[in-house]
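Q: Pasting query_23.pdb here (PDB, C-alpha atoms):
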```
ATOM      1  CA  MET M 917      11.552   0.932 -19.335
ATOM      2  CA  THR M 918       8.881   2.132 -21.763
ATOM      3  CA  LEU M 919       5.360   1.467 -20.559
ATOM      4  CA  ASN M 920       3.522  -1.016 -22.803
ATOM      5  CA  LEU M 921       0.677  -2.661 -20.926
ATOM      6  CA  ARG M 922       0.582  -5.588 -23.354
ATOM      7  CA  GLU M 923       4.265  -6.410 -22.853
ATOM      8  CA  LEU M 924       4.797  -6.091 -19.117
ATOM      9  CA  PRO M 925       7.394  -8.374 -17.522
ATOM     10  CA  ARG M 926       5.651 -11.482 -16.172
ATOM     11  CA  ARG M 927       7.598 -13.956 -14.039
ATOM     12  CA  SER M 928       4.643 -15.687 -12.397
ATOM     13  CA  SER M 929       0.936 -16.038 -13.089
ATOM     14  CA  LYS M 930      -2.025 -17.981 -11.718
ATOM     15  CA  LEU M 931      -5.617 -18.369 -12.825
ATOM     16  CA  VAL M 932      -7.672 -18.516  -9.633
ATOM     17  CA  ASP M 933     -11.164 -19.977  -9.438
ATOM     18  CA  LEU M 934     -13.687 -18.003  -7.381
ATOM     19  CA  ASN M 935     -16.554 -20.369  -8.221
ATOM     20  CA  LEU M 936     -18.671 -18.083 -10.413
ATOM     21  CA  LEU M 937     -15.734 -16.246 -11.965
ATOM     22  CA  LYS M 938     -12.038 -16.650 -12.659
ATOM     23  CA  ILE M 939      -9.292 -14.081 -12.198
ATOM     24  CA  ARG M 940      -5.839 -14.195 -13.752
ATOM     25  CA  ILE M 941      -3.228 -12.679 -11.441
ATOM     26  CA  SER M 942       0.225 -11.919 -12.835
ATOM     27  CA  SER M 943       3.370 -10.475 -11.293
ATOM     28  CA  ASN M 944       6.865  -9.527 -12.383
ATOM     29  CA  LEU M 945       8.080 -11.385  -9.273
ATOM     30  CA  PRO M 946       8.743 -15.142  -9.476
ATOM     31  CA  GLU M 947       7.291 -15.540  -5.955
ATOM     32  CA  PHE M 948       4.262 -13.429  -5.102
ATOM     33  CA  ASP M 949       2.536 -13.712  -1.713
ATOM     34  CA  ALA M 950      -0.843 -12.602  -3.091
ATOM     35  CA  TYR M 951      -1.407 -16.086  -4.523
ATOM     36  CA  ALA M 952      -1.636 -17.520  -0.989
ATOM     37  CA  TYR M 953      -5.022 -15.853  -0.409
ATOM     38  CA  PHE M 954      -6.711 -18.161  -2.906
ATOM     39  CA  SER M 955      -7.571 -21.773  -2.118
ATOM     40  CA  ARG M 956      -8.556 -22.904  -5.609
ATOM     41  CA  GLU M 957      -6.446 -22.567  -8.724
ATOM     42  CA  VAL M 958      -7.229 -23.693 -12.246
ATOM     43  CA  PRO M 959      -4.909 -26.647 -13.074
ATOM     44  CA  PRO M 960      -1.874 -25.689 -15.179
ATOM     45  CA  THR M 961      -3.214 -27.806 -18.057
ATOM     46  CA  GLU M 962      -6.274 -25.524 -18.203
ATOM     47  CA  ALA M 963      -4.611 -22.261 -17.181
ATOM     48  CA  GLY M 964      -4.660 -20.964 -20.747
ATOM     49  CA  GLU M 965      -8.433 -20.563 -20.768
ATOM     50  CA  PRO M 966      -9.854 -17.023 -20.751
ATOM     51  CA  ALA M 967     -10.222 -15.187 -17.461
ATOM     52  CA  ASP M 968     -13.205 -13.048 -16.507
ATOM     53  CA  TYR M 969     -10.895 -10.452 -14.958
ATOM     54  CA  GLU M 970      -7.143  -9.819 -14.893
ATOM     55  CA  ILE M 971      -4.885  -8.203 -12.309
ATOM     56  CA  HIS M 972      -1.316  -7.331 -13.375
ATOM     57  CA  CYS M 973       1.072  -6.370 -10.560
ATOM     58  CA  VAL M 974       4.438  -4.763 -11.280
ATOM     59  CA  ASP M 975       6.883  -4.335  -8.405
ATOM     60  CA  LEU M 976       8.987  -1.288  -9.147
ATOM     61  CA  ASP M 977      11.876  -2.625  -7.080
ATOM     62  CA  ARG M 978      12.289  -5.362  -9.713
ATOM     63  CA  ASP M 979      11.529  -3.441 -12.911
ATOM     64  CA  ALA M 980      11.699   0.343 -13.087
ATOM     65  CA  PHE M 981       9.282   2.488 -15.069
ATOM     66  CA  ASP M 982       9.244   6.244 -15.569
ATOM     67  CA  PRO M 983       7.242   7.740 -12.656
ATOM     68  CA  GLU M 984       6.044  10.608 -14.837
ATOM     69  CA  GLU M 985       4.692   8.214 -17.455
ATOM     70  CA  LEU M 986       2.940   6.164 -14.770
ATOM     71  CA  ARG M 987       1.319   9.274 -13.333
ATOM     72  CA  ALA M 988       0.205  10.348 -16.791
ATOM     73  CA  ARG M 989      -1.354   6.942 -17.594
ATOM     74  CA  ALA M 990      -2.959   6.353 -14.176
ATOM     75  CA  ASP M 991      -6.734   6.472 -13.669
ATOM     76  CA  ARG M 992      -8.335   9.753 -12.679
ATOM     77  CA  THR M 993     -10.626   8.126 -10.122
ATOM     78  CA  LEU M 994     -10.712   8.734  -6.392
ATOM     79  CA  ARG M 995      -9.358   5.200  -5.837
ATOM     80  CA  ALA M 996      -6.336   5.899  -8.065
ATOM     81  CA  LYS M 997      -5.705   9.118  -6.148
ATOM     82  CA  ARG M 998      -5.783   7.164  -2.884
ATOM     83  CA  PHE M 999      -3.421   4.547  -4.309
ATOM     84  CA  ARG M1000      -0.938   7.319  -5.130
ATOM     85  CA  ALA M1001      -1.136   8.327  -1.463
ATOM     86  CA  GLY M1002      -0.518   4.742  -0.298
ATOM     87  CA  TYR M1003      -4.090   4.208   0.912
ATOM     88  CA  TYR M1004      -5.527   1.061  -0.661
ATOM     89  CA  LEU M1005      -8.725   0.226   1.226
ATOM     90  CA  ASN M1006     -10.053   0.773   4.741
ATOM     91  CA  HIS M1007      -7.113   0.095   7.085
ATOM     92  CA  ILE M1008      -4.752  -1.326   4.435
ATOM     93  CA  PHE M1009      -1.914   1.076   3.660
ATOM     94  CA  GLY M1010       1.396   0.745   1.818
ATOM     95  CA  ALA M1011       3.791   2.485  -0.512
ATOM     96  CA  PRO M1012       2.356   4.845  -3.131
ATOM     97  CA  ALA M1013       1.112   2.945  -6.189
ATOM     98  CA  HIS M1014      -0.215   3.719  -9.661
ATOM     99  CA  LEU M1015      -3.537   2.210 -10.750
ATOM    100  CA  ILE M1016      -4.515   1.787 -14.407
ATOM    101  CA  THR M1017      -7.838   0.214 -15.397
ATOM    102  CA  GLU M1018      -8.827  -0.965 -18.874
ATOM    103  CA  GLY M1019     -12.196  -2.709 -18.801
ATOM    104  CA  HIS M1020     -11.793  -5.990 -16.913
ATOM    105  CA  ARG M1021      -8.017  -5.571 -16.721
ATOM    106  CA  SER M1022      -6.368  -3.817 -13.787
ATOM    107  CA  TYR M1023      -2.705  -2.835 -13.641
ATOM    108  CA  VAL M1024      -0.914  -1.685 -10.521
ATOM    109  CA  PHE M1025       2.658  -0.449 -10.194
ATOM    110  CA  GLY M1026       4.301  -0.068  -6.787
ATOM    111  CA  HIS M1027       5.873  -2.053  -3.972
ATOM    112  CA  ARG M1028       4.662  -5.046  -1.931
ATOM    113  CA  LEU M1029       1.589  -5.250  -4.106
ATOM    114  CA  GLU M1030       0.220  -8.323  -2.338
ATOM    115  CA  ARG M1031      -1.339  -5.698  -0.090
ATOM    116  CA  THR M1032      -3.612  -4.644  -2.953
ATOM    117  CA  VAL M1033      -4.810  -7.912  -4.512
ATOM    118  CA  TRP M1034      -7.089  -9.506  -1.904
ATOM    119  CA  PRO M1035      -7.622  -6.384   0.245
ATOM    120  CA  TYR M1036      -8.834  -4.256  -2.686
ATOM    121  CA  PHE M1037      -8.996  -5.790  -6.168
ATOM    122  CA  VAL M1038     -10.903  -8.954  -5.289
ATOM    123  CA  LYS M1039     -13.498  -7.024  -3.289
ATOM    124  CA  ARG M1040     -14.024  -4.526  -6.076
ATOM    125  CA  ILE M1041     -14.191  -7.229  -8.747
ATOM    126  CA  LEU M1042     -16.765  -9.228  -6.773
ATOM    127  CA  THR M1043     -18.915  -6.113  -6.418
ATOM    128  CA  ASP M1044     -18.593  -5.297 -10.137
ATOM    129  CA  PHE M1045     -19.469  -8.879 -11.048
ATOM    130  CA  ALA M1046     -22.456  -8.887  -8.697
ATOM    131  CA  VAL M1047     -24.067  -5.740 -10.099
ATOM    132  CA  ASP M1048     -23.390  -6.831 -13.689
ATOM    133  CA  HIS M1049     -24.798 -10.356 -13.308
ATOM    134  CA  GLY M1050     -27.684 -10.024 -10.870
ATOM    135  CA  TYR M1051     -26.030 -11.091  -7.602
ATOM    136  CA  LEU M1052     -25.707  -9.545  -4.161
ATOM    137  CA  HIS M1053     -22.156  -9.345  -2.789
ATOM    138  CA  LEU M1054     -22.057  -9.731   0.994
ATOM    139  CA  LYS M1055     -19.313  -9.815   3.582
ATOM    140  CA  ALA M1056     -20.258 -13.047   5.352
ATOM    141  CA  GLY M1057     -18.986 -16.429   6.405
ATOM    142  CA  GLY M1058     -21.063 -19.526   5.915
ATOM    143  CA  PHE M1059     -21.462 -23.267   6.212
ATOM    144  CA  ALA M1060     -23.830 -25.873   4.785
ATOM    145  CA  PHE M1061     -25.611 -28.925   6.160
ATOM    146  CA  ASP M1062     -25.943 -32.273   4.409
ATOM    147  CA  ASP M1063     -29.400 -31.347   3.095
ATOM    148  CA  GLY M1064     -27.868 -28.514   1.066
ATOM    149  CA  SER M1065     -29.149 -25.684   3.254
ATOM    150  CA  ALA M1066     -26.790 -22.864   4.139
ATOM    151  CA  THR M1067     -26.276 -20.645   7.166
ATOM    152  CA  LEU M1068     -24.708 -17.210   6.710
ATOM    153  CA  LEU M1069     -22.742 -15.585   9.527
ATOM    154  CA  VAL M1070     -22.542 -11.803   9.805
ATOM    155  CA  GLY M1071     -21.241  -9.659  12.624
ATOM    156  CA  PRO M1072     -18.908  -6.904  13.754
ATOM    157  CA  ASN M1073     -15.168  -7.440  13.940
ATOM    158  CA  GLY M1074     -14.471  -9.494  17.044
ATOM    159  CA  GLY M1075     -18.074 -10.705  17.140
ATOM    160  CA  GLY M1076     -17.153 -14.376  16.886
ATOM    161  CA  LYS M1077     -17.839 -15.206  13.210
ATOM    162  CA  THR M1078     -14.608 -17.163  12.759
ATOM    163  CA  VAL M1079     -15.041 -19.146  15.969
ATOM    164  CA  PHE M1080     -18.676 -19.908  15.082
ATOM    165  CA  LEU M1081     -17.726 -21.022  11.566
ATOM    166  CA  THR M1082     -14.760 -23.091  12.716
ATOM    167  CA  GLN M1083     -16.694 -24.886  15.439
ATOM    168  CA  ALA M1084     -19.647 -25.607  13.139
ATOM    169  CA  CYS M1085     -17.378 -27.150  10.502
ATOM    170  CA  ARG M1086     -15.430 -29.179  13.050
ATOM    171  CA  ALA M1087     -18.765 -30.491  14.319
ATOM    172  CA  GLY M1088     -19.764 -31.829  10.897
ATOM    173  CA  ALA M1089     -21.078 -28.914   8.845
ATOM    174  CA  ARG M1090     -19.469 -28.295   5.454
ATOM    175  CA  PHE M1091     -17.355 -25.190   5.026
ATOM    176  CA  LEU M1092     -18.963 -22.828   2.505
ATOM    177  CA  THR M1093     -17.147 -19.519   2.629
ATOM    178  CA  ASN M1094     -14.924 -17.520   4.931
ATOM    179  CA  THR M1095     -15.394 -13.850   4.070
ATOM    180  CA  HIS M1096     -17.342 -13.278   0.861
ATOM    181  CA  VAL M1097     -20.530 -14.707  -0.619
ATOM    182  CA  LEU M1098     -22.527 -13.988  -3.758
ATOM    183  CA  VAL M1099     -26.287 -14.428  -3.407
ATOM    184  CA  ARG M1100     -29.070 -14.771  -5.957
ATOM    185  CA  ASP M1101     -32.633 -16.074  -5.579
ATOM    186  CA  GLY M1102     -31.966 -17.295  -2.045
ATOM    187  CA  VAL M1103     -28.885 -19.321  -2.985
ATOM    188  CA  ALA M1104     -25.431 -18.615  -1.567
ATOM    189  CA  PHE M1105     -22.456 -19.074  -3.886
ATOM    190  CA  ALA M1106     -19.126 -19.521  -2.134
ATOM    191  CA  VAL M1107     -16.048 -17.456  -2.945
ATOM    192  CA  PRO M1108     -13.176 -19.916  -2.328
ATOM    193  CA  SER M1109     -10.335 -18.468  -0.292
ATOM    194  CA  THR M1110      -7.899 -19.360   2.419
ATOM    195  CA  VAL M1111      -8.769 -18.877   6.087
ATOM    196  CA  ARG M1112      -6.902 -16.649   8.508
ATOM    197  CA  ILE M1113      -5.492 -18.534  11.486
ATOM    198  CA  ARG M1114      -3.445 -17.294  14.397
ATOM    199  CA  ARG M1115      -0.484 -18.886  16.094
ATOM    200  CA  GLY M1116      -1.329 -20.895  19.176
ATOM    201  CA  ALA M1117      -1.586 -24.447  20.413
ATOM    202  CA  ASP M1118      -4.151 -25.347  17.732
ATOM    203  CA  PHE M1119      -2.212 -24.105  14.724
ATOM    204  CA  ASP M1120       1.529 -23.764  15.424
ATOM    205  CA  GLU M1121       2.394 -27.188  14.035
ATOM    206  CA  LEU M1122       0.174 -26.687  10.976
ATOM    207  CA  ILE M1123       1.755 -23.305  10.199
ATOM    208  CA  GLU M1124       5.280 -24.703  10.410
ATOM    209  CA  ARG M1125       4.627 -27.966   8.543
ATOM    210  CA  HIS M1126       2.933 -26.308   5.577
ATOM    211  CA  ARG M1127       5.001 -23.094   5.705
ATOM    212  CA  LEU M1128       1.850 -21.026   5.579
ATOM    213  CA  THR M1129       2.086 -17.486   4.235
ATOM    214  CA  PRO M1130       1.570 -14.633   6.716
ATOM    215  CA  HIS M1131      -1.451 -12.414   6.216
ATOM    216  CA  VAL M1132      -0.792  -8.739   5.473
ATOM    217  CA  GLU M1133      -1.874  -8.080   9.068
ATOM    218  CA  SER M1134       0.646  -9.398  11.582
ATOM    219  CA  GLY M1135      -0.211 -12.380  13.734
ATOM    220  CA  ASP M1136      -2.282 -14.289  11.178
ATOM    221  CA  HIS M1137      -1.421 -16.908   8.565
ATOM    222  CA  LEU M1138      -3.352 -18.208   5.549
ATOM    223  CA  ALA M1139      -4.573 -21.814   5.435
ATOM    224  CA  PRO M1140      -6.699 -23.580   2.797
ATOM    225  CA  PRO M1141      -9.973 -24.764   4.393
ATOM    226  CA  GLU M1142      -9.136 -28.351   3.366
ATOM    227  CA  LEU M1143      -6.293 -28.268   5.909
ATOM    228  CA  LEU M1144      -8.624 -27.202   8.707
ATOM    229  CA  PHE M1145     -11.911 -29.010   8.184
ATOM    230  CA  PRO M1146     -13.002 -32.500   7.142
ATOM    231  CA  GLY M1147     -14.716 -33.064   3.808
ATOM    232  CA  THR M1148     -14.873 -31.002   0.648
ATOM    233  CA  PRO M1149     -16.018 -27.369   0.915
ATOM    234  CA  ALA M1150     -19.463 -26.666  -0.499
ATOM    235  CA  ASP M1151     -19.847 -24.387  -3.515
ATOM    236  CA  THR M1152     -23.514 -23.489  -2.999
ATOM    237  CA  GLY M1153     -26.337 -23.741  -0.522
ATOM    238  CA  ARG M1154     -29.937 -22.560  -0.279
ATOM    239  CA  ILE M1155     -29.987 -20.041   2.540
ATOM    240  CA  ARG M1156     -32.039 -21.265   5.484
ATOM    241  CA  ASN M1157     -30.518 -19.136   8.267
ATOM    242  CA  ILE M1158     -28.854 -15.782   8.792
ATOM    243  CA  VAL M1159     -27.029 -15.528  12.111
ATOM    244  CA  ILE M1160     -25.747 -12.264  13.534
ATOM    245  CA  THR M1161     -22.821 -13.219  15.748
ATOM    246  CA  ASP M1162     -22.454 -10.872  18.676
ATOM    247  CA  HIS M1163     -20.239 -12.691  21.165
ATOM    248  CA  ASP M1164     -19.859 -10.702  24.363
ATOM    249  CA  PRO M1165     -19.403 -12.662  27.613
ATOM    250  CA  ALA M1166     -20.548  -9.616  29.592
ATOM    251  CA  GLY M1167     -23.638  -9.003  27.450
ATOM    252  CA  HIS M1168     -27.041 -10.620  27.135
ATOM    253  CA  ARG M1169     -26.389 -14.307  26.390
ATOM    254  CA  GLY M1170     -28.576 -16.432  24.203
ATOM    255  CA  PHE M1171     -29.551 -17.662  20.759
ATOM    256  CA  GLU M1172     -32.780 -16.016  19.691
ATOM    257  CA  ARG M1173     -34.903 -15.166  16.671
ATOM    258  CA  ILE M1174     -34.861 -11.558  15.508
ATOM    259  CA  SER M1175     -37.154  -9.691  13.141
ATOM    260  CA  PRO M1176     -36.543  -9.269   9.406
ATOM    261  CA  ASP M1177     -36.488  -5.487   9.867
ATOM    262  CA  GLN M1178     -33.732  -5.722  12.476
ATOM    263  CA  THR M1179     -31.778  -8.087  10.264
ATOM    264  CA  VAL M1180     -31.978  -5.858   7.189
ATOM    265  CA  LEU M1181     -30.828  -2.834   9.168
ATOM    266  CA  PHE M1182     -27.867  -4.753  10.566
ATOM    267  CA  LEU M1183     -26.891  -6.317   7.237
ATOM    268  CA  GLU M1184     -26.966  -2.953   5.478
ATOM    269  CA  GLN M1185     -24.202  -1.822   7.836
ATOM    270  CA  PHE M1186     -22.205  -4.999   8.462
ATOM    271  CA  ALA M1187     -22.729  -7.208   5.389
ATOM    272  CA  SER M1188     -23.063  -4.875   2.415
ATOM    273  CA  ALA M1189     -19.737  -5.008   0.563
ATOM    274  CA  VAL M1190     -20.179  -1.462  -0.747
ATOM    275  CA  THR M1191     -20.704  -0.117   2.764
ATOM    276  CA  ASN M1192     -18.139  -2.251   4.586
ATOM    277  CA  TYR M1193     -15.278  -1.783   2.151
ATOM    278  CA  GLY M1194     -15.980   1.808   1.153
ATOM    279  CA  LEU M1195     -16.615   0.940  -2.517
ATOM    280  CA  LYS M1196     -19.236   3.559  -3.340
ATOM    281  CA  ASP M1197     -16.819   5.661  -5.393
ATOM    282  CA  ASP M1198     -15.567   2.545  -7.201
ATOM    283  CA  LEU M1199     -19.130   1.546  -8.020
ATOM    284  CA  LEU M1200     -19.900   5.017  -9.339
ATOM    285  CA  ALA M1201     -16.748   4.815 -11.496
ATOM    286  CA  HIS M1202     -17.827   1.359 -12.684
ATOM    287  CA  PHE M1203     -20.946   3.005 -14.124
ATOM    288  CA  GLY M1204     -18.901   5.791 -15.685
ATOM    289  CA  GLY M1205     -20.325   8.337 -13.248
ATOM    290  CA  ASP M1206     -23.880   7.665 -14.489
ATOM    291  CA  PHE M1207     -26.173   8.786 -11.649
ATOM    292  CA  GLU M1208     -29.186   6.799 -12.833
ATOM    293  CA  LYS M1209     -27.277   3.521 -13.163
ATOM    294  CA  PHE M1210     -25.521   4.035  -9.836
ATOM    295  CA  THR M1211     -28.671   4.764  -7.842
ATOM    296  CA  GLY M1212     -30.541   2.038  -9.705
ATOM    297  CA  ALA M1213     -27.886  -0.494  -8.664
ATOM    298  CA  LEU M1214     -28.103   0.629  -5.034
ATOM    299  CA  GLY M1215     -31.876   0.269  -5.110
ATOM    300  CA  THR M1216     -31.588  -3.223  -6.563
ATOM    301  CA  MET M1217     -29.119  -4.188  -3.821
ATOM    302  CA  ARG M1218     -31.559  -3.008  -1.177
ATOM    303  CA  SER M1219     -34.422  -4.984  -2.738
ATOM    304  CA  ARG M1220     -32.332  -8.157  -3.034
ATOM    305  CA  LEU M1221     -31.227  -7.855   0.572
ATOM    306  CA  ALA M1222     -34.834  -7.543   1.754
ATOM    307  CA  GLU M1223     -35.840 -10.575  -0.354
ATOM    308  CA  LEU M1224     -32.965 -12.618   1.075
ATOM    309  CA  VAL M1225     -33.934 -11.817   4.656
ATOM    310  CA  ALA M1226     -37.646 -12.484   4.003
ATOM    311  CA  GLY M1227     -36.825 -16.016   2.853
ATOM    312  CA  ALA M1228     -34.588 -16.953   5.770
ATOM    313  CA  ARG M1229     -34.786 -17.475   9.517
ATOM    314  CA  CYS M1230     -32.864 -14.757  11.331
ATOM    315  CA  PHE M1231     -31.057 -15.145  14.647
ATOM    316  CA  ARG M1232     -28.835 -13.228  17.018
ATOM    317  CA  ALA M1233     -26.196 -15.367  18.730
ATOM    318  CA  ASN M1234     -24.219 -14.539  21.837
ATOM    319  CA  VAL M1235     -23.186 -18.075  22.705
ATOM    320  CA  ASP M1236     -20.006 -19.927  23.572
ATOM    321  CA  MET M1237     -19.449 -22.146  20.544
ATOM    322  CA  LEU M1238     -16.444 -23.706  22.271
ATOM    323  CA  ASP M1239     -18.800 -25.265  24.819
ATOM    324  CA  PRO M1240     -19.944 -28.666  23.433
ATOM    325  CA  SER M1241     -23.433 -28.414  24.911
ATOM    326  CA  SER M1242     -24.104 -24.900  23.612
ATOM    327  CA  ARG M1243     -22.639 -25.747  20.209
ATOM    328  CA  SER M1244     -24.806 -28.851  19.795
ATOM    329  CA  GLU M1245     -27.946 -26.993  20.794
ATOM    330  CA  VAL M1246     -27.323 -24.118  18.371
ATOM    331  CA  LEU M1247     -26.405 -26.353  15.420
ATOM    332  CA  ALA M1248     -29.442 -28.545  15.998
ATOM    333  CA  ALA M1249     -31.714 -25.493  15.907
ATOM    334  CA  LEU M1250     -30.083 -24.252  12.683
ATOM    335  CA  ALA M1251     -30.367 -27.657  11.008
ATOM    336  CA  ALA M1252     -34.038 -28.126  11.885
ATOM    337  CA  GLY M1253     -37.010 -27.060   9.798
ATOM    338  CA  PRO M1254     -37.459 -25.300   6.475
ATOM    339  CA  ALA M1255     -36.379 -21.763   5.675
ATOM    340  CA  GLY M1256     -38.783 -18.918   6.159
TER     341      GLY M1256
END
```
Please rewrite the model in this file as structure tokens.

A:
Amino acid sequence: MTLNLRELPRRSSKLVDLNLLKIRISSNLPEFDAYAYFSREVPPTEAGEPADYEIHCVDLDRDAFDPEELRARADRTLRAKRFRAGYYLNHIFGAPAHLITEGHRSYVFGHRLERTVWPYFVKRILTDFAVDHGYLHLKAGGFAFDDGSATLLVGPNGGGKTVFLTQACRAGARFLTNTHVLVRDGVAFAVPSTVRIRRGADFDELIERHRLTPHVESGDHLAPPELLFPGTPADTGRIRNIVITDHDPAGHRGFERISPDQTVLFLEQFASAVTNYGLKDDLLAHFGGDFEKFTGALGTMRSRLAELVAGARCFRANVDMLDPSSRSEVLAALAAGPAG
């Protein structure tokens, strides 16, 4: 099949709403598992409206294209080179794929391309959007209280962010975001997505009844937050608290204030999207290799992170959120008092 990017086979398409931006995702497959990662879609009656970004996925098992032509048209970036080697992002691998970028449109040709959409494209798009529109893109969970204040959760893998978030929302807080947040002027803007849940007594029946889609990593399934928590998820919240979750039963237990300097250092390593997802080369490519723009954007990110931390109360938490007494005490402390 001759490669014409404007006339690719499209057998399914969805316009997904990420709160501040919309992405149109298309596939040559009638059923495409990548759609399950998004919890908010634009209604079909409005799906014809323009998208801010587009992702076109072509599974080569369904429609064949000339490999030589794909190689010739593919990007010359480091990310495209990694795609050709089957390395998409961090620990997400798959079959070799060809990446073509034209402005806000991305095209990818390969196999099982659901492994590229949320794991790579969404993270890169959020970072591009953030630097272009004055936001800070962080890897963080979050919830909001009835007064509109927000608490962000940051921590290492296995540090208890998901348990903290789940228990807070089940105790009455409003779900804000699971993995990504965009921040500007002290306000957190949610990035709607599904939540990863694991089989067990709590979720087996839910997984079977709603036929939830498996995550690309075995053992987890994807559930809209509305299935898990009462109420409607919040879209925004003024950030009152930043909590570093560091659950370790054998470590120093407690819920304690930490300094802004400590918080900034930790967030630079564990919350910065560029650092966590290895997007520095993508960001440099976004600026066309312009050194001044690239370093200027990094400097702005650092300044915005420091401003965010200066306007919030910062805590380290090594607590058992499954214990009702501990949970109530921690949530009461987070809900009390003004930010700063």

Q: Let me make sure I understand: among M:Leu1224, M:Leu1200, M:Leu1128, M:Leu1183, which one has the smallest atom-to-atom distance to Ala1104 in chain M if we use all atoms listed in the file?

A: M:Leu1224

Q: Which residues are close to Lys1077 in chain M, i.e. within 9 Å by all atoms listed in the file, leaving aside same-chain residues fewer than 3 positions away? Reply as number ranges by chain.

A: M: 1056-1057, 1069-1074, 1080-1082, 1160-1163

Q: To test your reading of the syntax: which residues would the PyMOL selection byres ((chain M and resi 960-972) around 7) return for the file shown? Reply as an NGL selection string.

A: :M and (931 or 937-943 or 958-959 or 973-974 or 1020-1024)

Q: If we count all atoms listed in the file and set the cut-off at 10 Å, which residues sit around Asn1234 in chain M, ignoring sequence neighbours fewer than 2 positions away in its own chain? Please answer as a ChimeraX atom specification.

A: /M:1075-1076,1160-1172,1231-1232,1236-1237

Q: Neighbouring residues of Gly1205 in chain M were defined as those with any atom within 12 Å, considering only C-alpha atoms; residues of the same chain fewer than 5 positions away were excluded. Please report them as an MDAnalysis selection string.

A: chainID M and resid 993:994 1196:1200 1210:1211

Q: Residues proximal to (-2.5, -17.2, 7.3) were defined as those with any atom within 7 Å of that point in the file's coordinates, counting all atoms listed in the file. Which are they, as a list in words?

A: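 Protein, DNA and RNA residues close to (-2.5, -17.2, 7.3): Val1111, Arg1112, Ile1113, Leu1128, Thr1129, Pro1130, His1131, Asp1136, His1137, Leu1138 and Ala1139 of chain M.
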
Q: Could you tell me how far CA of Gly1010 in chain M sits from CA of Asn920 in chain M, in Å to one decimal place?

A: 24.8 Å

Q: I need the residue nearest Ala1189 in chain M from this list: M:Val1159, M:Leu1052, M:Ala980, M:Ile1016. Use all atoms listed in the file for the distance.

A: M:Leu1052

Q: So what do you get for CA of Leu1214 in chain M versus CA of Ser1065 in chain M, distance-wise?

A: 27.6 Å

Q: Neighbourhood query: residues within 9 Å of (-9.5, -1.3, 1.9), file coordinates, counting only C-alpha atoms; return as a list in words.

A: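 Every polymer residue passing the test: Tyr1003, Tyr1004, Leu1005, Asn1006, His1007, Ile1008, Phe1009, Thr1032, Pro1035, Tyr1036, Lys1039, Tyr1193, Gly1194 and Leu1195 of chain M.
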
Q: Would you compute the distance between CA of Glu1184 in chain M and CA of Arg1090 in chain M? Give it in Å to one decimal.

A: 26.4 Å
